[in-house]
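Each remark here refers to the structure printed beneath this line.
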Amino acid sequence: MSTLELRPDISPVPQVVKSKRMPPVIRGILWSAIGFLVINTLISYVLDPRYGHPFITQVSITFGWFAAMVGWVLGVGAWEGAVLPAFGHHGTLYTAPGWKRFFEYSTEHKVIGLQYIGSSAGGFFIAGLAAMLMRLELMNNSMWLFNYPQQYLTTVGIHGTIMMFSVGTVALVGGLGNYLVPLMIGSNTSAFPRMSGISVLLVPFGIVTVALSPLLGYWSTGWRGYEPLASQDPSGILFYYLGVFALTLSSLLVSINLTATVIFKRAPGMTWGRLPMFAWGITTVSLLNIIWLPEIQLTFVMSLVNRLVPLPLFTATGSPLTYMELFWLFGHPEVYIVVVPALALWQEIIPVMTRKPLFARQWGVIGLIFVMMLSGFVWAHHMFTNMRNVEMMPFSFFTEMISIPTGFAYLVALGTLWRGRLKFNTVSLLVLMSMFNFLIGGMTGVFLADPIINLQAHDTFFVVGHFHYTIIGGMVFSWLAAMYYWLPKMSGRMYNERLGKIGAIWIFLAFNLTFSQFFLLGLHGMNRWVSVYPSYLQPMNFETSIFAFLLGLGFLFHLVHIWWAWRAGQKAEGNPWESKSVEWITASPPAEESFPVIPRIVSSTYTYDNDEPAVIIPSDGKRVATTS
Amino acid sequence: MANEEPQEKKKVEVDWSRRQFLIGTGALTVVGLGAMFLNEPVAAAVRSVFGQQPESGPITVLQGDYFYIPNYMTWRVGDQISMTIHNTSTTHFHEMQIGRGFNTMPTALQTIRTQFAEDFWKGVPVTITAAQGIDNFVTNEAKISSDVHPTPWLLTQPGNGGFSPTMKPGGQITLSFTVPNKPGIWHYACFVQGYMHWLAGMRGTINILPA
Amino acid sequence: MSSHVKSSRTLNAEERMALNTSRGGFTILIASQIVPFVMLVNLRYILSGSYVSSGLDQATGAVFTILFIISAITAYAGIQATNRSDSKASARMSVLTMVLGWIAVIMMSYQFWMHAFQTDGRFGEGYLVTIGAFVIYFIASLVGLLSGKMRASRVGIDDSNRFSIGASFKFWIFLQLMWVVLYVVYYFI
């Protein structure tokens, strides 16, 4: 045995066993239920009984939840796949055929990537449904759908939390990153596949936790968990902390894995100078994650303890501000965690579609890195209403500065488009739309960086419009573009161009008609976090809601279209976009072992001005071992 | 690794059942949605099937942020009850009013419910047998006697709203009384902090059976 | 904390790369886990400045801190044994490390239970959060040591698991270093 540790290593299975086993997901749920019941009962009846012997107390459900998480992860397959080997036992991990691979523990980065994408899409539609409920409530200026304001606020919180922590942070990094980065750098595996297999299981668990938070009581803080409000909220906030803990842990593990993958698993010739832009984007984002996710995790653990013990951590004079600082120290880098991979995706897709070399590649990389570095200096612009004037200026300055490296990303994209012959298809359409939307989002961001406007527009729908433009407009549109672009790679099938374009135009119109009105609503005085508002805003809210529903339907349309194309679309050619990138030399969809022979990269993969291949498969190439 | 001969690490496919998977996850989704949106109808259905024994003697009602345990009780007219109300919150005051219908007050945003219109305790003899950590106790039209020294928190004069003992965090009070002849469905609730506790779900129901 | 893995034979290029990958990943993990400890140090000063409660007993703290330091030394011996592929010594050292760690944590909990300061005060609450966070890391680290120990004694140490068994010791040493910092910060300055 010369397999090194933390390498992909599915333990050898010599004998053939022919039997059925329990579906791993069901076993995971069962183990999770057992874990919860045992620990919860132990705490609430034996270790920490409360007056009146309630079965579920805040303390018991917290520890019970951890047991449930461990039970779920182990039950789905980490028990055989990771834990038994780690303790020197022999774990026999079976792999089911076909689609069933996606519903069990896997160490294959492509399966994991699609599990991430699937989980994120699930989160997107659950949180999207919450958004539809919010818009439905806001169609009228009184409480007509929900009975209590807390129900509305909890819906807002679930929407924001799931969207940020399981879609924004996860879809492009955990999802496309896990699927594409090893392929793009010519590696058969990611660096730590077992860990990766565990980390993906935390996403559905976290989403379900947050979605079920109303079981413990409504909570009114939204995705920011502001103290001391959170410590006075009903107990639903517990599931916010715990669910976010699972989701951020997942993203942290992804980032460690992908950073190590990019640094150590590159194929021969894949120098840093030739590293694809998307891999650069994922690396920079991962560095942000590695710094800021532990920060927010400890902040939330502190808030949790603050509530359970209880402690007065964030209630003394000045302490609520401490919480806000701690939250936004993470919170603002978070939006770049969401958006930087999207910027990288533009730069990945546009050269292929224009058949031109990537313009000013170095500046693109510099832009991504400087966005990453500056993002740690801007957090306080979320707190202008709580600051002295002199303190605002540096933050205002850095916030406006950040538009410069972001501008690099635009210039690289525009320079590549310049005089190129753009293939006008769904993918490039979505990328252009994303660029347009993010431009609006970014420019309104410059306004908001200005203290004078910020103090006026603070906590209004202007801000809501701004960040939805950056996140839906920037990230979700790019995610869709990427799904269409790599659909032939992932499924071996092609989408329908006409339906794709109709869908793209549909969501573009619906999106802009919805969120551009958010700006106007905000300027007219519509506040965030309210379900009841002055009646003069009602007509505009009513029509905004109509467009919001159309937007929701548009995303459903894309979901159905991609689903259909995946199952029954036209068979795609091996490399339909004639890309020079490494991932396209594999089979479509790639076999479990993507590269039977490790390729050699001989030039930048964006050299569309010549016909030389950027990647060659060495004829004397070493065949790599199948499972290591 | 590479220098090892490719061992026969055959992929063994030990399959699992699609049907079990779909039925299992589907059933759990239904349970989850039911727990989220239908817990009250489900609780009512369970109650109507299995019934609930009327409570008497010493009973305890726990107050939390923002709920009661239990939030459903069955009493029977004529039973002797010694009810301990205990505020388990570490941060908030809580009260317990029992009544029917609501007094309302229009505000700029919406009409809010200020307290019960009909006070269950009207004319009922009640004895305070134990008390600690009480902020105030409005007796309204109940006939109060007390085993403990009730001042200064006992407010017997009219005009302070409905019968409501308000406990400080950690406080508790024990009320002894005979269930009066007022059968039917009554509600209990906490209206403190601008009625936000009621809004946040601090409510319960008492089903009083005829003797 | 980097130690040179001595192997019975020289590693080939691919194995060296895999080893570097493991090392790199481990380094990133440590880097990310420094962040919470930096926050805990900050928290201490944000909450209570340089105030030290007179209810805190520096001597007891010193005793279990020294125990932690000794456990870090035994963990270092464990790394050495692991690098020599001496499974028995490695397993022995993990047991010793775990026992020392347990004694120290029990003393820590005793002191915490018998504290003479308010846990809802500005000093006490920070102290509680810090101890709690440390104990959570401690438990995670124990699980790591246990898995390394069981692997060492069940399947022996070879090229495939040397790094990860060593890593469980290294994480332990990292944690004890962090504790020494927290001890100085909470008990003195």
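Residues are named by chain letter and number: chains run A, B, ... in the order of the structure tokens, numbers start at 1 in each chain, and ligands are numbered from 1 in the order shown.
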
Just need the residues of chain C within 12 Å of chain B, counting only C-alpha atoms, so spit them out as a VMD selection string. chain C and resid 11 to 15 18 159 to 160

What does the file look like for those residues with C-alpha atoms, as a short mmCIF file (atom, residue, chain, number, x, y, z; two decimals), in the first residue's frame?
```cif
data_model
loop_
_atom_site.label_atom_id
_atom_site.label_comp_id
_atom_site.auth_asym_id
_atom_site.auth_seq_id
_atom_site.Cartn_x
_atom_site.Cartn_y
_atom_site.Cartn_z
CA LEU C 11 9.42 8.85 -2.32
CA ASN C 12 8.78 9.05 -6.03
CA ALA C 13 7.62 12.30 -7.59
CA GLU C 14 3.97 11.50 -7.37
CA GLU C 15 4.15 10.50 -3.73
CA ALA C 18 0.77 13.93 -2.57
CA ASP C 159 3.87 5.95 3.84
CA SER C 160 0.13 6.06 3.32
#
```

Show me, as a Markdown table, the residues of chain C having an atom within 6 Å of chain A, each with the closest atom pair and its distance in Å, using only C-alpha atoms.
```
| residue | atom | partner | partner_atom | distance |
| --- | --- | --- | --- | --- |
| C:Thr21 | CA | A:Phe264 | CA | 5.5 |
| C:Gly25 | CA | A:Ala260 | CA | 5.5 |
| C:Ser32 | CA | A:Ile290 | CA | 5.2 |
| C:Pro36 | CA | A:Glu295 | CA | 5.8 |
| C:Asp120 | CA | A:Leu311 | CA | 5.5 |
| C:Ser147 | CA | A:Phe87 | CA | 4.5 |
| C:Met150 | CA | A:Phe87 | CA | 5.3 |
| C:Arg151 | CA | A:Gly88 | CA | 4.1 |
| C:Arg154 | CA | A:Gly88 | CA | 5.7 |
| C:Val155 | CA | A:Gly88 | CA | 6.0 |
| C:Ser160 | CA | A:Leu4 | CA | 3.7 |
| C:Asn161 | CA | A:Glu5 | CA | 4.9 |
```

Write the residues of the selection above to a file with C-alpha atoms, as a compact mmCIF listing (two decimals), in the first residue's frame.
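Saved result, part-v7.txt, follows:
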```txt
# COMPACT_ATOMS: atom_id res chain seq x y z
CA THR C 21 -0.69 18.36 -0.95
CA GLY C 25 -3.93 21.48 3.06
CA SER C 32 -7.88 29.28 9.07
CA PRO C 36 -10.97 32.20 15.92
CA ASP C 120 -22.48 37.23 33.60
CA SER C 147 -7.96 7.96 15.21
CA MET C 150 -5.91 3.36 16.48
CA ARG C 151 -4.49 3.47 13.00
CA ARG C 154 -4.11 -1.53 14.10
CA VAL C 155 -2.51 -1.14 10.70
CA SER C 160 0.13 6.06 3.32
CA ASN C 161 -0.82 7.27 6.79
```

Using only C-alpha atoms, determine which residues lie at most 9 Å from region 41-52 of chain C, disregarding the query and same-chain residues fewer than 2 positions distant; provide the list as a PyMOL selection string. (chain A and resi 313+319+322) or (chain C and resi 36-39+54-56+121-123+125-127+130+181-182+185-189)

Would you return as a PyMOL selection string the members of region 268-326 of chain A that DSSP assigns to alpha helix (DSSP H) on this structure's backbone? chain A and resi 277-308+319-326

Those residues you just picked out, can you put them in a file as a short mmCIF file (atom, residue, chain, number, x, y, z; two decimals), in the first residue's frame with N, CA and C atoms?
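Final output, saved to result-v4.cif:
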```cif
data_model
loop_
_atom_site.label_atom_id
_atom_site.label_comp_id
_atom_site.auth_asym_id
_atom_site.auth_seq_id
_atom_site.Cartn_x
_atom_site.Cartn_y
_atom_site.Cartn_z
N MET A 277 -8.93 31.42 -15.68
CA MET A 277 -9.46 32.50 -14.85
C MET A 277 -10.40 31.97 -13.78
N PHE A 278 -11.19 30.95 -14.13
CA PHE A 278 -12.14 30.46 -13.13
C PHE A 278 -11.38 29.85 -11.94
N ALA A 279 -10.27 29.16 -12.24
CA ALA A 279 -9.48 28.60 -11.14
C ALA A 279 -8.88 29.73 -10.30
N TRP A 280 -8.47 30.83 -10.98
CA TRP A 280 -8.00 32.00 -10.23
C TRP A 280 -9.11 32.54 -9.34
N GLY A 281 -10.30 32.67 -9.92
CA GLY A 281 -11.43 33.19 -9.14
C GLY A 281 -11.68 32.33 -7.92
N ILE A 282 -11.69 31.01 -8.13
CA ILE A 282 -11.97 30.10 -7.01
C ILE A 282 -10.87 30.21 -5.96
N THR A 283 -9.61 30.36 -6.41
CA THR A 283 -8.52 30.47 -5.44
C THR A 283 -8.68 31.73 -4.58
N THR A 284 -8.95 32.87 -5.23
CA THR A 284 -9.08 34.10 -4.45
C THR A 284 -10.26 34.01 -3.48
N VAL A 285 -11.37 33.47 -3.99
CA VAL A 285 -12.54 33.34 -3.13
C VAL A 285 -12.25 32.40 -1.97
N SER A 286 -11.51 31.35 -2.27
CA SER A 286 -11.21 30.39 -1.20
C SER A 286 -10.38 31.05 -0.12
N LEU A 287 -9.46 31.92 -0.52
CA LEU A 287 -8.67 32.61 0.50
C LEU A 287 -9.58 33.47 1.37
N LEU A 288 -10.54 34.15 0.73
CA LEU A 288 -11.50 34.92 1.53
C LEU A 288 -12.24 34.02 2.50
N ASN A 289 -12.71 32.88 1.99
CA ASN A 289 -13.45 31.94 2.84
C ASN A 289 -12.61 31.48 4.01
N ILE A 290 -11.33 31.19 3.73
CA ILE A 290 -10.47 30.63 4.76
C ILE A 290 -10.25 31.64 5.88
N ILE A 291 -10.23 32.91 5.53
CA ILE A 291 -10.06 33.92 6.58
C ILE A 291 -11.38 34.19 7.29
N TRP A 292 -12.45 34.41 6.51
CA TRP A 292 -13.65 35.00 7.11
C TRP A 292 -14.67 33.99 7.61
N LEU A 293 -14.69 32.80 7.05
CA LEU A 293 -15.69 31.85 7.55
C LEU A 293 -15.43 31.44 9.00
N PRO A 294 -14.17 31.15 9.40
CA PRO A 294 -13.97 30.87 10.82
C PRO A 294 -14.37 32.05 11.69
N GLU A 295 -14.16 33.25 11.16
CA GLU A 295 -14.52 34.45 11.92
C GLU A 295 -16.03 34.47 12.20
N ILE A 296 -16.83 34.27 11.15
CA ILE A 296 -18.27 34.35 11.37
C ILE A 296 -18.76 33.14 12.16
N GLN A 297 -18.08 32.01 12.00
CA GLN A 297 -18.50 30.84 12.78
C GLN A 297 -18.34 31.12 14.27
N LEU A 298 -17.19 31.68 14.64
CA LEU A 298 -17.00 31.96 16.07
C LEU A 298 -18.00 33.02 16.54
N THR A 299 -18.27 34.01 15.67
CA THR A 299 -19.25 35.02 16.05
C THR A 299 -20.60 34.38 16.35
N PHE A 300 -21.02 33.47 15.49
CA PHE A 300 -22.33 32.83 15.69
C PHE A 300 -22.29 31.88 16.87
N VAL A 301 -21.15 31.23 17.10
CA VAL A 301 -21.05 30.36 18.28
C VAL A 301 -21.17 31.22 19.53
N MET A 302 -20.55 32.40 19.49
CA MET A 302 -20.66 33.30 20.63
C MET A 302 -22.11 33.72 20.85
N SER A 303 -22.80 34.04 19.75
CA SER A 303 -24.19 34.44 19.89
C SER A 303 -25.04 33.29 20.44
N LEU A 304 -24.71 32.10 20.00
CA LEU A 304 -25.45 30.92 20.47
C LEU A 304 -25.25 30.73 21.97
N VAL A 305 -23.99 30.82 22.39
CA VAL A 305 -23.68 30.68 23.82
C VAL A 305 -24.34 31.80 24.60
N ASN A 306 -24.28 32.99 24.01
CA ASN A 306 -24.89 34.18 24.59
C ASN A 306 -26.35 33.92 24.93
N ARG A 307 -26.99 33.11 24.07
CA ARG A 307 -28.40 32.83 24.25
C ARG A 307 -28.63 31.66 25.18
N LEU A 308 -27.78 30.64 25.08
CA LEU A 308 -28.03 29.40 25.82
C LEU A 308 -27.71 29.55 27.30
N SER A 319 -21.78 47.12 23.00
CA SER A 319 -21.61 45.77 22.52
C SER A 319 -22.44 45.39 21.29
N PRO A 320 -23.66 45.94 21.13
CA PRO A 320 -24.36 45.64 19.88
C PRO A 320 -23.51 46.03 18.68
N LEU A 321 -22.74 47.11 18.82
CA LEU A 321 -21.87 47.54 17.74
C LEU A 321 -20.76 46.52 17.51
N THR A 322 -20.29 45.89 18.61
CA THR A 322 -19.28 44.85 18.45
C THR A 322 -19.82 43.74 17.56
N TYR A 323 -21.06 43.34 17.84
CA TYR A 323 -21.63 42.29 17.00
C TYR A 323 -21.69 42.73 15.54
N MET A 324 -22.13 43.97 15.32
CA MET A 324 -22.24 44.43 13.93
C MET A 324 -20.88 44.43 13.25
N GLU A 325 -19.85 44.86 14.00
CA GLU A 325 -18.50 44.84 13.41
C GLU A 325 -18.13 43.41 13.05
N LEU A 326 -18.35 42.50 14.00
CA LEU A 326 -17.97 41.11 13.75
C LEU A 326 -18.75 40.55 12.57
#
```

In terms of the shortest atom-to-atom distance over only C-alpha atoms, which of B:Ser176, B:Ser164, B:Thr111, B:Thr29 is closest to Ser142 (chain A)? B:Thr111

Return the single residue from B:Asn140, B:Met105, B:Thr178, B:Tyr195 that is closest to chain A, with distances computed using only C-alpha atoms.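 Nearest to chain A: B:Tyr195.
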
Residues at most 8 Å from Phe67 (chain B), counting only C-alpha atoms, excluding those fewer than 2 positions away in the same chain, as a list in words? Gln63, Gly64, Asp65, Ile69, Asn71, Gly201, Met202 and Arg203 of chain B

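Distances from B:Ala200, B:Val30, B:Leu175, B:Ala117 to chain A were compared using only C-alpha atoms, and the smallest one belongs to B:Ala200.
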
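Comparing the minimum interatomic distances between chain B and each of A:Gly331, A:Gly376, A:Gly186, A:Pro534, counting only C-alpha atoms, we find that A:Pro534 sits nearest.
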
Arg113 (chain B) surroundings by only C-alpha atoms, 10 Å radius, close-in-sequence under 3 positions cut, as a PyMOL selection string: chain B and resi 101-106+110+116-117+191+194-196+198-199

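Among the candidate residues B:His197, B:Met73, B:Gly159, B:Thr129, the one lying nearest to chain A is B:His197, with distances computed using only C-alpha atoms.
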
Pull the strand (DSSP E) assignments for chain B out of DSSP run on the backbone, and list those residues as an mmCIF file with C-alpha atoms, in the first residue's frame.
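Done, and the output landed in out-v5.cif:
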```
data_model
loop_
_atom_site.group_PDB
_atom_site.id
_atom_site.type_symbol
_atom_site.label_atom_id
_atom_site.label_comp_id
_atom_site.auth_asym_id
_atom_site.auth_seq_id
_atom_site.Cartn_x
_atom_site.Cartn_y
_atom_site.Cartn_z
ATOM 1 C CA GLY B 57 -55.236 19.457 41.603
ATOM 2 C CA PRO B 58 -51.778 20.999 41.259
ATOM 3 C CA ILE B 59 -50.992 21.970 37.673
ATOM 4 C CA THR B 60 -48.118 23.981 36.265
ATOM 5 C CA VAL B 61 -48.100 26.447 33.406
ATOM 6 C CA LEU B 62 -44.656 27.446 32.185
ATOM 7 C CA GLN B 63 -44.073 30.742 30.442
ATOM 8 C CA GLY B 64 -41.241 31.172 27.962
ATOM 9 C CA PHE B 67 -45.027 30.513 24.513
ATOM 10 C CA TYR B 68 -46.857 28.599 27.200
ATOM 11 C CA ILE B 69 -46.304 25.014 28.169
ATOM 12 C CA TYR B 72 -53.903 23.534 25.677
ATOM 13 C CA MET B 73 -55.649 22.472 28.874
ATOM 14 C CA THR B 74 -58.891 20.770 29.758
ATOM 15 C CA TRP B 75 -60.631 21.685 33.012
ATOM 16 C CA ARG B 76 -63.963 20.581 34.416
ATOM 17 C CA GLN B 80 -60.341 22.196 42.604
ATOM 18 C CA ILE B 81 -57.244 23.531 40.836
ATOM 19 C CA SER B 82 -53.997 24.850 42.234
ATOM 20 C CA MET B 83 -52.262 26.409 39.244
ATOM 21 C CA THR B 84 -48.594 27.418 39.438
ATOM 22 C CA ILE B 85 -47.587 29.861 36.759
ATOM 23 C CA HIS B 86 -43.835 29.979 36.370
ATOM 24 C CA ASN B 87 -41.991 32.444 34.162
ATOM 25 C CA HIS B 94 -44.831 37.550 31.303
ATOM 26 C CA GLU B 95 -48.456 37.518 32.351
ATOM 27 C CA GLN B 97 -54.812 36.512 31.172
ATOM 28 C CA ILE B 98 -57.742 34.202 30.572
ATOM 29 C CA GLY B 99 -60.761 35.356 28.606
ATOM 30 C CA ARG B 100 -62.684 35.531 25.377
ATOM 31 C CA GLY B 101 -62.967 38.071 22.592
ATOM 32 C CA PHE B 102 -60.636 41.015 22.240
ATOM 33 C CA ASN B 103 -60.542 44.658 23.077
ATOM 34 C CA THR B 104 -58.950 46.262 20.069
ATOM 35 C CA MET B 105 -57.200 49.507 19.380
ATOM 36 C CA PRO B 106 -56.657 50.952 15.900
ATOM 37 C CA THR B 111 -55.624 47.158 14.539
ATOM 38 C CA ILE B 112 -54.038 45.514 17.537
ATOM 39 C CA ARG B 113 -55.544 43.406 20.268
ATOM 40 C CA THR B 114 -54.958 44.879 23.682
ATOM 41 C CA GLN B 115 -56.561 42.328 25.999
ATOM 42 C CA PHE B 116 -59.490 39.948 26.323
ATOM 43 C CA ALA B 117 -62.905 41.556 26.263
ATOM 44 C CA GLU B 118 -64.521 39.067 28.633
ATOM 45 C CA ASP B 119 -62.579 38.225 31.791
ATOM 46 C CA PRO B 125 -62.850 33.395 44.369
ATOM 47 C CA VAL B 126 -59.088 32.920 44.040
ATOM 48 C CA THR B 127 -56.494 32.321 46.762
ATOM 49 C CA ILE B 128 -52.840 33.198 46.255
ATOM 50 C CA THR B 129 -51.054 30.368 48.041
ATOM 51 C CA ALA B 130 -47.487 31.184 47.008
ATOM 52 C CA ALA B 131 -45.787 33.992 45.177
ATOM 53 C CA GLN B 132 -42.325 35.221 44.405
ATOM 54 C CA GLY B 133 -40.846 37.538 41.816
ATOM 55 C CA ILE B 134 -44.168 39.204 41.013
ATOM 56 C CA ASP B 135 -44.072 42.533 39.242
ATOM 57 C CA ASN B 136 -47.764 43.295 39.559
ATOM 58 C CA PHE B 137 -51.021 41.430 39.862
ATOM 59 C CA VAL B 138 -54.179 43.057 38.561
ATOM 60 C CA LYS B 143 -62.487 37.830 44.670
ATOM 61 C CA ILE B 144 -58.921 37.634 45.953
ATOM 62 C CA SER B 145 -57.653 36.265 49.193
ATOM 63 C CA SER B 146 -54.011 35.630 49.931
ATOM 64 C CA LEU B 154 -51.374 43.487 44.301
ATOM 65 C CA LEU B 155 -53.554 45.956 42.368
ATOM 66 C CA SER B 164 -53.371 39.244 35.157
ATOM 67 C CA PRO B 165 -50.470 38.221 37.363
ATOM 68 C CA THR B 166 -47.283 39.587 35.754
ATOM 69 C CA MET B 167 -44.116 37.745 36.714
ATOM 70 C CA LYS B 168 -40.601 39.044 36.604
ATOM 71 C CA PRO B 169 -38.058 36.721 34.927
ATOM 72 C CA GLY B 170 -37.932 33.616 37.069
ATOM 73 C CA GLY B 171 -40.974 34.594 39.114
ATOM 74 C CA GLN B 172 -43.875 32.312 39.933
ATOM 75 C CA ILE B 173 -47.284 32.382 41.533
ATOM 76 C CA THR B 174 -49.703 29.718 42.684
ATOM 77 C CA LEU B 175 -53.441 30.360 42.424
ATOM 78 C CA SER B 176 -55.977 28.064 44.074
ATOM 79 C CA PHE B 177 -59.564 28.114 42.892
ATOM 80 C CA THR B 178 -62.557 26.012 42.028
ATOM 81 C CA GLY B 184 -66.760 26.281 26.857
ATOM 82 C CA ILE B 185 -63.590 27.365 25.104
ATOM 83 C CA TRP B 186 -61.489 30.010 26.839
ATOM 84 C CA HIS B 187 -58.160 31.435 25.795
ATOM 85 C CA TYR B 188 -55.131 32.525 27.736
ATOM 86 C CA ALA B 189 -52.468 34.889 26.527
ATOM 87 C CA ARG B 203 -51.319 31.973 23.540
ATOM 88 C CA GLY B 204 -53.182 28.918 24.722
ATOM 89 C CA THR B 205 -56.644 27.419 24.952
ATOM 90 C CA ILE B 206 -58.615 26.006 27.876
ATOM 91 C CA ASN B 207 -61.516 23.701 27.162
ATOM 92 C CA ILE B 208 -63.779 23.780 30.203
ATOM 93 C CA LEU B 209 -66.090 20.786 30.336
#
```

Residue with smallest distance to His92 (chain B) - pool B:Thr25, B:Asn39, B:Asn181, B:Gln193, counting only C-alpha atoms: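 Checking each candidate against His92 (chain B), we get B:Gln193 as the closest.
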
Lys170 (chain C) surroundings by only C-alpha atoms, 10 Å radius, close-in-sequence under 5 positions cut, as a ChimeraX atom specification: /C:1-3,26,30,72,75-76,78-79,141,145,163-165,175-176

Output for the residues just chosen: N, CA and C atoms as a short mmCIF file (atom, residue, chain, number, x, y, z; two decimals), in the first residue's frame:
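Contents of again_36.cif, freshly written:
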```
data_model
loop_
_atom_site.label_atom_id
_atom_site.label_comp_id
_atom_site.auth_asym_id
_atom_site.auth_seq_id
_atom_site.Cartn_x
_atom_site.Cartn_y
_atom_site.Cartn_z
N MET C 1 6.39 23.98 12.66
CA MET C 1 5.82 22.66 12.89
C MET C 1 6.13 21.69 11.76
N SER C 2 6.84 22.18 10.76
CA SER C 2 7.10 21.27 9.65
C SER C 2 8.20 20.31 10.07
N SER C 3 7.98 19.08 9.85
CA SER C 3 9.01 18.11 10.18
C SER C 3 9.28 17.29 8.94
N PHE C 26 -3.03 20.95 5.25
CA PHE C 26 -2.98 21.05 6.70
C PHE C 26 -2.58 22.46 7.12
N ILE C 30 -4.67 25.04 9.47
CA ILE C 30 -4.15 25.71 10.67
C ILE C 30 -4.32 27.22 10.52
N ALA C 72 2.11 18.72 24.94
CA ALA C 72 2.61 19.11 23.63
C ALA C 72 3.97 18.48 23.37
N ALA C 75 3.43 15.02 22.53
CA ALA C 75 2.92 14.97 21.16
C ALA C 75 4.07 15.10 20.17
N TYR C 76 5.04 15.96 20.52
CA TYR C 76 6.20 16.11 19.63
C TYR C 76 6.96 14.79 19.55
N GLY C 78 5.62 12.01 19.87
CA GLY C 78 4.77 11.18 19.01
C GLY C 78 5.08 11.41 17.54
N ILE C 79 5.29 12.68 17.17
CA ILE C 79 5.63 12.97 15.77
C ILE C 79 6.94 12.28 15.41
N SER C 141 -9.69 17.60 18.73
CA SER C 141 -8.31 17.18 18.65
C SER C 141 -8.12 15.79 19.27
N LEU C 145 -6.46 12.49 17.65
CA LEU C 145 -5.40 11.67 18.25
C LEU C 145 -5.83 10.21 18.36
N PHE C 163 1.69 10.85 7.35
CA PHE C 163 1.44 12.28 7.49
C PHE C 163 0.22 12.53 8.37
N SER C 164 -0.87 11.80 8.12
CA SER C 164 -2.09 12.16 8.83
C SER C 164 -2.01 11.78 10.30
N ILE C 165 -1.26 10.71 10.63
CA ILE C 165 -1.08 10.41 12.05
C ILE C 165 -0.25 11.51 12.70
N LEU C 175 -2.88 23.54 19.21
CA LEU C 175 -3.91 23.90 20.18
C LEU C 175 -3.28 24.29 21.51
N GLN C 176 -2.25 23.55 21.93
CA GLN C 176 -1.63 23.89 23.22
C GLN C 176 -0.89 25.22 23.14
#
```

Env of Phe125 (chain A): 9 Å cut, atoms = only C-alpha atoms, seq-sep filter 6 positions within chain, self excluded. Answer as a list in words. Gly552, Phe555 and Leu556 of chain A

Using C-alpha atoms, can you export the residues from the last selection as a CSV table (one decimal), in the first residue's frame?
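The file below, out-v4.csv, is the result:
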```csv
chain,number,residue,atom,x,y,z
A,552,GLY,CA,-39.8,33.2,-10.2
A,555,PHE,CA,-36.2,30.5,-13.0
A,556,LEU,CA,-38.6,27.6,-12.9
```

Just to confirm, what's the straight-line distance from CA of Ile39 (chain A) to CA of Ser235 (chain A) in Å (one decimal)?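 Computing it gives 18.8 Å between the two atoms.
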
Rounded to one decimal place, report the CA of Pro158 (chain B)-CA of Ala108 (chain B) distance in Å.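 Those two atoms sit 28.7 Å apart.
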